[in-house]
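Q: Take a look at coords-v8.txt, compact mmCIF, N, CA and C atoms:
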```
# COMPACT_ATOMS: atom_id res chain seq x y z
N MET M 1 -23.91 -8.94 -4.66
CA MET M 1 -24.19 -7.56 -4.31
C MET M 1 -22.91 -6.84 -3.88
N TRP M 2 -22.09 -7.48 -3.03
CA TRP M 2 -20.87 -6.83 -2.56
C TRP M 2 -19.96 -6.45 -3.72
N ARG M 3 -19.82 -7.34 -4.71
CA ARG M 3 -18.95 -7.07 -5.86
C ARG M 3 -19.43 -5.83 -6.62
N LYS M 4 -20.74 -5.72 -6.80
CA LYS M 4 -21.30 -4.56 -7.51
C LYS M 4 -21.06 -3.28 -6.71
N GLN M 5 -21.21 -3.37 -5.39
CA GLN M 5 -21.00 -2.20 -4.54
C GLN M 5 -19.54 -1.75 -4.59
N VAL M 6 -18.61 -2.69 -4.53
CA VAL M 6 -17.19 -2.35 -4.59
C VAL M 6 -16.84 -1.74 -5.93
N ALA M 7 -17.40 -2.30 -7.01
CA ALA M 7 -17.09 -1.82 -8.36
C ALA M 7 -17.59 -0.40 -8.60
N THR M 8 -18.61 0.02 -7.88
CA THR M 8 -19.18 1.35 -8.12
C THR M 8 -18.78 2.38 -7.06
N ASP M 9 -18.04 1.97 -6.05
CA ASP M 9 -17.62 2.88 -4.98
C ASP M 9 -16.10 3.01 -5.01
N PRO M 10 -15.57 4.13 -5.49
CA PRO M 10 -14.12 4.29 -5.62
C PRO M 10 -13.36 4.09 -4.31
N LYS M 11 -13.91 4.52 -3.18
CA LYS M 11 -13.22 4.34 -1.90
C LYS M 11 -13.12 2.87 -1.53
N LEU M 12 -14.22 2.15 -1.67
CA LEU M 12 -14.20 0.71 -1.38
C LEU M 12 -13.26 -0.03 -2.33
N TRP M 13 -13.30 0.34 -3.59
CA TRP M 13 -12.42 -0.29 -4.58
C TRP M 13 -10.95 -0.05 -4.20
N GLY M 14 -10.63 1.17 -3.81
CA GLY M 14 -9.27 1.50 -3.41
C GLY M 14 -8.80 0.67 -2.23
N ARG M 15 -9.68 0.48 -1.25
CA ARG M 15 -9.32 -0.34 -0.09
C ARG M 15 -9.08 -1.79 -0.49
N GLN M 16 -9.90 -2.29 -1.41
CA GLN M 16 -9.72 -3.67 -1.87
C GLN M 16 -8.40 -3.84 -2.61
N VAL M 17 -8.07 -2.88 -3.47
CA VAL M 17 -6.81 -2.95 -4.21
C VAL M 17 -5.63 -2.88 -3.25
N GLU M 18 -5.68 -1.96 -2.28
CA GLU M 18 -4.60 -1.84 -1.31
C GLU M 18 -4.46 -3.12 -0.48
N SER M 19 -5.56 -3.71 -0.10
CA SER M 19 -5.52 -4.97 0.66
C SER M 19 -4.90 -6.10 -0.16
N ALA M 20 -5.26 -6.16 -1.44
CA ALA M 20 -4.71 -7.20 -2.32
C ALA M 20 -3.20 -7.04 -2.48
N VAL M 21 -2.75 -5.81 -2.68
CA VAL M 21 -1.31 -5.55 -2.80
C VAL M 21 -0.60 -5.93 -1.50
N GLY M 22 -1.19 -5.54 -0.37
CA GLY M 22 -0.59 -5.86 0.92
C GLY M 22 -0.50 -7.36 1.15
N ALA M 23 -1.54 -8.09 0.80
CA ALA M 23 -1.52 -9.55 0.96
C ALA M 23 -0.42 -10.17 0.11
N TYR M 24 -0.27 -9.68 -1.11
CA TYR M 24 0.78 -10.20 -1.98
C TYR M 24 2.17 -9.90 -1.41
N LEU M 25 2.37 -8.65 -0.96
CA LEU M 25 3.68 -8.28 -0.41
C LEU M 25 4.01 -9.11 0.83
N LEU M 26 3.04 -9.33 1.69
CA LEU M 26 3.29 -10.14 2.88
C LEU M 26 3.61 -11.58 2.52
N SER M 27 2.95 -12.12 1.51
CA SER M 27 3.27 -13.50 1.10
C SER M 27 4.68 -13.59 0.54
N GLN M 28 5.10 -12.56 -0.20
CA GLN M 28 6.45 -12.55 -0.76
C GLN M 28 7.50 -12.28 0.30
N ALA M 29 7.13 -11.51 1.32
CA ALA M 29 8.07 -11.21 2.40
C ALA M 29 8.50 -12.50 3.10
N GLU M 30 7.56 -13.38 3.31
CA GLU M 30 7.87 -14.65 3.96
C GLU M 30 8.82 -15.49 3.11
N LEU M 31 8.61 -15.48 1.82
CA LEU M 31 9.44 -16.28 0.91
C LEU M 31 10.83 -15.69 0.67
N ASN M 32 10.94 -14.37 0.73
CA ASN M 32 12.17 -13.69 0.33
C ASN M 32 12.91 -12.99 1.46
N ASP M 33 12.57 -13.33 2.70
CA ASP M 33 13.23 -12.72 3.85
C ASP M 33 13.20 -11.19 3.76
N MET M 34 12.01 -10.66 3.58
CA MET M 34 11.79 -9.23 3.40
C MET M 34 10.89 -8.74 4.54
N ASN M 35 11.11 -7.53 5.00
CA ASN M 35 10.25 -6.92 6.02
C ASN M 35 9.27 -5.98 5.34
N VAL M 36 8.04 -5.96 5.84
CA VAL M 36 7.00 -5.08 5.30
C VAL M 36 6.38 -4.31 6.45
N TRP M 37 6.33 -2.99 6.31
CA TRP M 37 5.71 -2.11 7.29
C TRP M 37 4.87 -1.06 6.57
N TYR M 38 4.22 -0.21 7.36
CA TYR M 38 3.64 1.02 6.83
C TYR M 38 4.33 2.16 7.57
N TRP M 39 4.21 3.36 7.03
CA TRP M 39 4.86 4.51 7.65
C TRP M 39 3.84 5.63 7.79
N ARG M 40 3.83 6.27 8.94
CA ARG M 40 2.93 7.39 9.18
C ARG M 40 3.65 8.41 10.06
N GLN M 41 3.54 9.67 9.65
CA GLN M 41 4.09 10.78 10.43
C GLN M 41 3.09 11.91 10.36
N LYS M 42 2.45 12.20 11.48
CA LYS M 42 1.37 13.20 11.54
C LYS M 42 0.29 12.83 10.52
N ASP M 43 0.05 13.69 9.52
CA ASP M 43 -1.01 13.43 8.55
C ASP M 43 -0.51 12.77 7.26
N GLU M 44 0.74 12.40 7.22
CA GLU M 44 1.30 11.80 6.01
C GLU M 44 1.58 10.32 6.25
N GLU M 45 1.41 9.54 5.18
CA GLU M 45 1.63 8.11 5.31
C GLU M 45 2.10 7.50 4.00
N VAL M 46 2.69 6.34 4.11
CA VAL M 46 3.07 5.52 2.96
C VAL M 46 2.44 4.16 3.21
N ASP M 47 1.76 3.62 2.21
CA ASP M 47 1.02 2.38 2.40
C ASP M 47 1.90 1.21 2.81
N PHE M 48 3.02 1.05 2.13
CA PHE M 48 3.91 -0.08 2.43
C PHE M 48 5.36 0.36 2.36
N VAL M 49 6.15 -0.11 3.31
CA VAL M 49 7.58 0.12 3.31
C VAL M 49 8.23 -1.26 3.30
N LEU M 50 9.09 -1.49 2.32
CA LEU M 50 9.77 -2.77 2.19
C LEU M 50 11.24 -2.60 2.53
N GLU M 51 11.76 -3.54 3.30
CA GLU M 51 13.20 -3.59 3.56
C GLU M 51 13.68 -4.95 3.06
N TRP M 52 14.58 -4.89 2.09
CA TRP M 52 15.07 -6.12 1.47
C TRP M 52 16.46 -5.88 0.93
N ASN M 53 17.37 -6.76 1.23
CA ASN M 53 18.77 -6.65 0.77
C ASN M 53 19.38 -5.29 1.11
N ASN M 54 19.17 -4.84 2.35
CA ASN M 54 19.72 -3.58 2.83
C ASN M 54 19.21 -2.35 2.08
N GLU M 55 18.06 -2.46 1.44
CA GLU M 55 17.44 -1.31 0.77
C GLU M 55 16.05 -1.12 1.34
N ILE M 56 15.59 0.12 1.36
CA ILE M 56 14.26 0.46 1.84
C ILE M 56 13.51 1.17 0.72
N VAL M 57 12.29 0.70 0.46
CA VAL M 57 11.48 1.26 -0.62
C VAL M 57 10.09 1.56 -0.08
N GLY M 58 9.55 2.73 -0.40
CA GLY M 58 8.19 3.08 -0.04
C GLY M 58 7.27 2.85 -1.24
N ILE M 59 6.09 2.29 -0.97
CA ILE M 59 5.11 2.02 -2.03
C ILE M 59 3.78 2.64 -1.63
N GLU M 60 3.24 3.45 -2.49
CA GLU M 60 1.92 4.05 -2.29
C GLU M 60 1.00 3.44 -3.34
N VAL M 61 -0.06 2.80 -2.92
CA VAL M 61 -0.99 2.12 -3.83
C VAL M 61 -2.10 3.08 -4.23
N LYS M 62 -2.33 3.20 -5.52
CA LYS M 62 -3.40 4.03 -6.05
C LYS M 62 -4.21 3.22 -7.04
N SER M 63 -5.52 3.28 -6.91
CA SER M 63 -6.39 2.53 -7.82
C SER M 63 -7.04 3.46 -8.84
N ASN M 64 -6.60 4.70 -8.86
CA ASN M 64 -7.13 5.66 -9.84
C ASN M 64 -5.96 6.45 -10.42
N HIS M 65 -6.23 7.60 -10.96
CA HIS M 65 -5.19 8.37 -11.64
C HIS M 65 -4.59 9.46 -10.76
N GLU M 66 -4.66 9.29 -9.45
CA GLU M 66 -4.05 10.27 -8.57
C GLU M 66 -2.55 10.31 -8.75
N LYS M 67 -2.00 11.49 -8.51
CA LYS M 67 -0.54 11.62 -8.57
C LYS M 67 0.07 11.22 -7.23
N MET M 68 1.37 11.26 -7.15
CA MET M 68 2.09 10.89 -5.93
C MET M 68 1.60 11.71 -4.75
N THR M 69 1.51 11.09 -3.62
CA THR M 69 1.06 11.79 -2.42
C THR M 69 2.23 12.43 -1.70
N SER M 70 1.93 13.41 -0.87
CA SER M 70 3.00 14.09 -0.13
C SER M 70 3.70 13.14 0.85
N GLY M 71 2.99 12.12 1.33
CA GLY M 71 3.60 11.16 2.25
C GLY M 71 4.79 10.47 1.65
N LEU M 72 4.67 10.09 0.39
CA LEU M 72 5.77 9.40 -0.28
C LEU M 72 6.95 10.34 -0.49
N VAL M 73 6.65 11.59 -0.79
CA VAL M 73 7.72 12.58 -0.96
C VAL M 73 8.44 12.81 0.37
N THR M 74 7.69 12.94 1.45
CA THR M 74 8.27 13.16 2.78
C THR M 74 9.07 11.95 3.22
N PHE M 75 8.54 10.76 2.97
CA PHE M 75 9.23 9.53 3.35
C PHE M 75 10.59 9.46 2.68
```
As a first step, turn the structure in this file into structure tokens.
A:
Amino acid sequence: MWRKQVATDPKLWGRQVESAVGAYLLSQAELNDMNVWYWRQKDEEVDFVLEWNNEIVGIEVKSNHEKMTSGLVTF
């Protein structure tokens, strides 16, 4: 039942996809000496911020056809 509910609810599906990406990034962070955070400033946010080899990258996870969010642009 849960699988069917997730498959038919875009918000639930989006949360599941974001959680899966986060779990993968955290597993890789441990292996590759990488830091993983999220970023939020007022009403804007970035799902994941990676720091690796003196570089910082923002990642916004989308499970549909949405365009880039303002949070990523501000970040």
Q: Using only N, CA and C atoms, determine which residues lie at most 6.5 Å from range 31-34 of chain M, disregarding the query and same-chain residues fewer than 4 positions distant; provide the list as a list in words.
A: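 My list of contacting residues is Leu26, Ser27, Leu50, Glu51, Trp52 and Asn53 of chain M.
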Q: State, in Å with one decimal place, the distance from atom N of Ala7 in chain M to CA of Gln28 in chain M.
A: 26.7 Å
Q: Could you state the separation of CA of Asn35 in chain M and CA of Glu55 in chain M in Å, given to one decimal place?
A: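 So the two atoms, CA of Asn35 in chain M and CA of Glu55 in chain M, lie 10.5 Å apart.
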Q: Between atom C of Asp47 in chain M and CA of Gly22 in chain M, measure the distance and give it in Å to one decimal.
A: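 CA of Gly22 in chain M lies at a distance of 7.7 Å from atom C of Asp47 in chain M.
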Q: When you look at Gly71 in chain M with a cut-off of 8 Å (counting all atoms listed in the file), what residues show up, excluding the ones that are within fewer than 6 positions of it in the same chain? I need them as number ranges by chain.
A: M: 39-41, 43-47
Q: DSSP on the backbone, then: every residue of chain M marked alpha helix (DSSP H), written as a ChimeraX atom specification.
A: /M:2-8,10-32,70-74
Q: Would you please work out which residue, of M:Tyr38, M:Glu30, M:Val6, M:Gly14, is nearest to Val61 in chain M when using only C-alpha atoms?
A: M:Gly14
Q: Given the choices M:Leu25, M:Leu12, M:Ala20, M:Val36, which gets closest to Val49 in chain M if the distance is worked out from all atoms listed in the file?
A: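 Result for the nearest residue to Val49 in chain M: M:Val36.
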Q: As a PyMOL selection string, please: every residue in chain M that DSSP puts in strand (DSSP E or B).
A: chain M and resi 35-41+44-52+55-59
Q: Axis-aligned box over every listed atom of range 30-47 of chain M, padded by 3 Å per side: centre and edges in Å to one decimal, as AutoDock Vina command-line options?
A:
```
--center_x 6.1 --center_y -1.3 --center_z 5.9 --size_x 20.2 --size_y 36.0 --size_z 17.2
```
Q: Between M:Asn64, M:Ile59, M:Asn54, M:Lys42, which is the closest to Trp13 in chain M once you count only C-alpha atoms?
A: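 Going through M:Asn64, M:Ile59, M:Asn54, M:Lys42 one by one, the smallest distance to Trp13 in chain M is for M:Asn64.
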Q: Output requested as an mmCIF file, keeping the file's coordinate frame - range 6-19 of chain M, filled out with N, CA, C and O atoms.
A:
```
data_model
loop_
_atom_site.group_PDB
_atom_site.id
_atom_site.type_symbol
_atom_site.label_atom_id
_atom_site.label_comp_id
_atom_site.auth_asym_id
_atom_site.auth_seq_id
_atom_site.Cartn_x
_atom_site.Cartn_y
_atom_site.Cartn_z
ATOM 1 N N VAL M 6 -18.610 -2.690 -4.530
ATOM 2 C CA VAL M 6 -17.190 -2.350 -4.590
ATOM 3 C C VAL M 6 -16.840 -1.740 -5.930
ATOM 4 O O VAL M 6 -16.109 -0.762 -6.014
ATOM 5 N N ALA M 7 -17.400 -2.300 -7.010
ATOM 6 C CA ALA M 7 -17.090 -1.820 -8.360
ATOM 7 C C ALA M 7 -17.590 -0.400 -8.600
ATOM 8 O O ALA M 7 -17.033 0.309 -9.433
ATOM 9 N N THR M 8 -18.610 0.020 -7.880
ATOM 10 C CA THR M 8 -19.180 1.350 -8.120
ATOM 11 C C THR M 8 -18.780 2.380 -7.060
ATOM 12 O O THR M 8 -19.148 3.539 -7.168
ATOM 13 N N ASP M 9 -18.040 1.970 -6.050
ATOM 14 C CA ASP M 9 -17.620 2.880 -4.980
ATOM 15 C C ASP M 9 -16.100 3.010 -5.010
ATOM 16 O O ASP M 9 -15.384 2.089 -4.593
ATOM 17 N N PRO M 10 -15.570 4.130 -5.490
ATOM 18 C CA PRO M 10 -14.120 4.290 -5.620
ATOM 19 C C PRO M 10 -13.360 4.090 -4.310
ATOM 20 O O PRO M 10 -12.259 3.529 -4.305
ATOM 21 N N LYS M 11 -13.910 4.520 -3.180
ATOM 22 C CA LYS M 11 -13.220 4.340 -1.900
ATOM 23 C C LYS M 11 -13.120 2.870 -1.530
ATOM 24 O O LYS M 11 -12.071 2.396 -1.101
ATOM 25 N N LEU M 12 -14.220 2.150 -1.670
ATOM 26 C CA LEU M 12 -14.200 0.710 -1.380
ATOM 27 C C LEU M 12 -13.260 -0.030 -2.330
ATOM 28 O O LEU M 12 -12.521 -0.909 -1.909
ATOM 29 N N TRP M 13 -13.300 0.340 -3.590
ATOM 30 C CA TRP M 13 -12.420 -0.290 -4.580
ATOM 31 C C TRP M 13 -10.950 -0.050 -4.200
ATOM 32 O O TRP M 13 -10.129 -0.958 -4.242
ATOM 33 N N GLY M 14 -10.630 1.170 -3.810
ATOM 34 C CA GLY M 14 -9.270 1.500 -3.410
ATOM 35 C C GLY M 14 -8.800 0.670 -2.230
ATOM 36 O O GLY M 14 -7.662 0.202 -2.197
ATOM 37 N N ARG M 15 -9.680 0.480 -1.250
ATOM 38 C CA ARG M 15 -9.320 -0.340 -0.090
ATOM 39 C C ARG M 15 -9.080 -1.790 -0.490
ATOM 40 O O ARG M 15 -8.177 -2.441 0.025
ATOM 41 N N GLN M 16 -9.900 -2.290 -1.410
ATOM 42 C CA GLN M 16 -9.720 -3.670 -1.870
ATOM 43 C C GLN M 16 -8.400 -3.840 -2.610
ATOM 44 O O GLN M 16 -7.694 -4.836 -2.414
ATOM 45 N N VAL M 17 -8.070 -2.880 -3.470
ATOM 46 C CA VAL M 17 -6.810 -2.950 -4.210
ATOM 47 C C VAL M 17 -5.630 -2.880 -3.250
ATOM 48 O O VAL M 17 -4.688 -3.669 -3.341
ATOM 49 N N GLU M 18 -5.680 -1.960 -2.280
ATOM 50 C CA GLU M 18 -4.600 -1.840 -1.310
ATOM 51 C C GLU M 18 -4.460 -3.120 -0.480
ATOM 52 O O GLU M 18 -3.339 -3.578 -0.218
ATOM 53 N N SER M 19 -5.560 -3.710 -0.100
ATOM 54 C CA SER M 19 -5.520 -4.970 0.660
ATOM 55 C C SER M 19 -4.900 -6.100 -0.160
ATOM 56 O O SER M 19 -4.127 -6.914 0.352
#
```
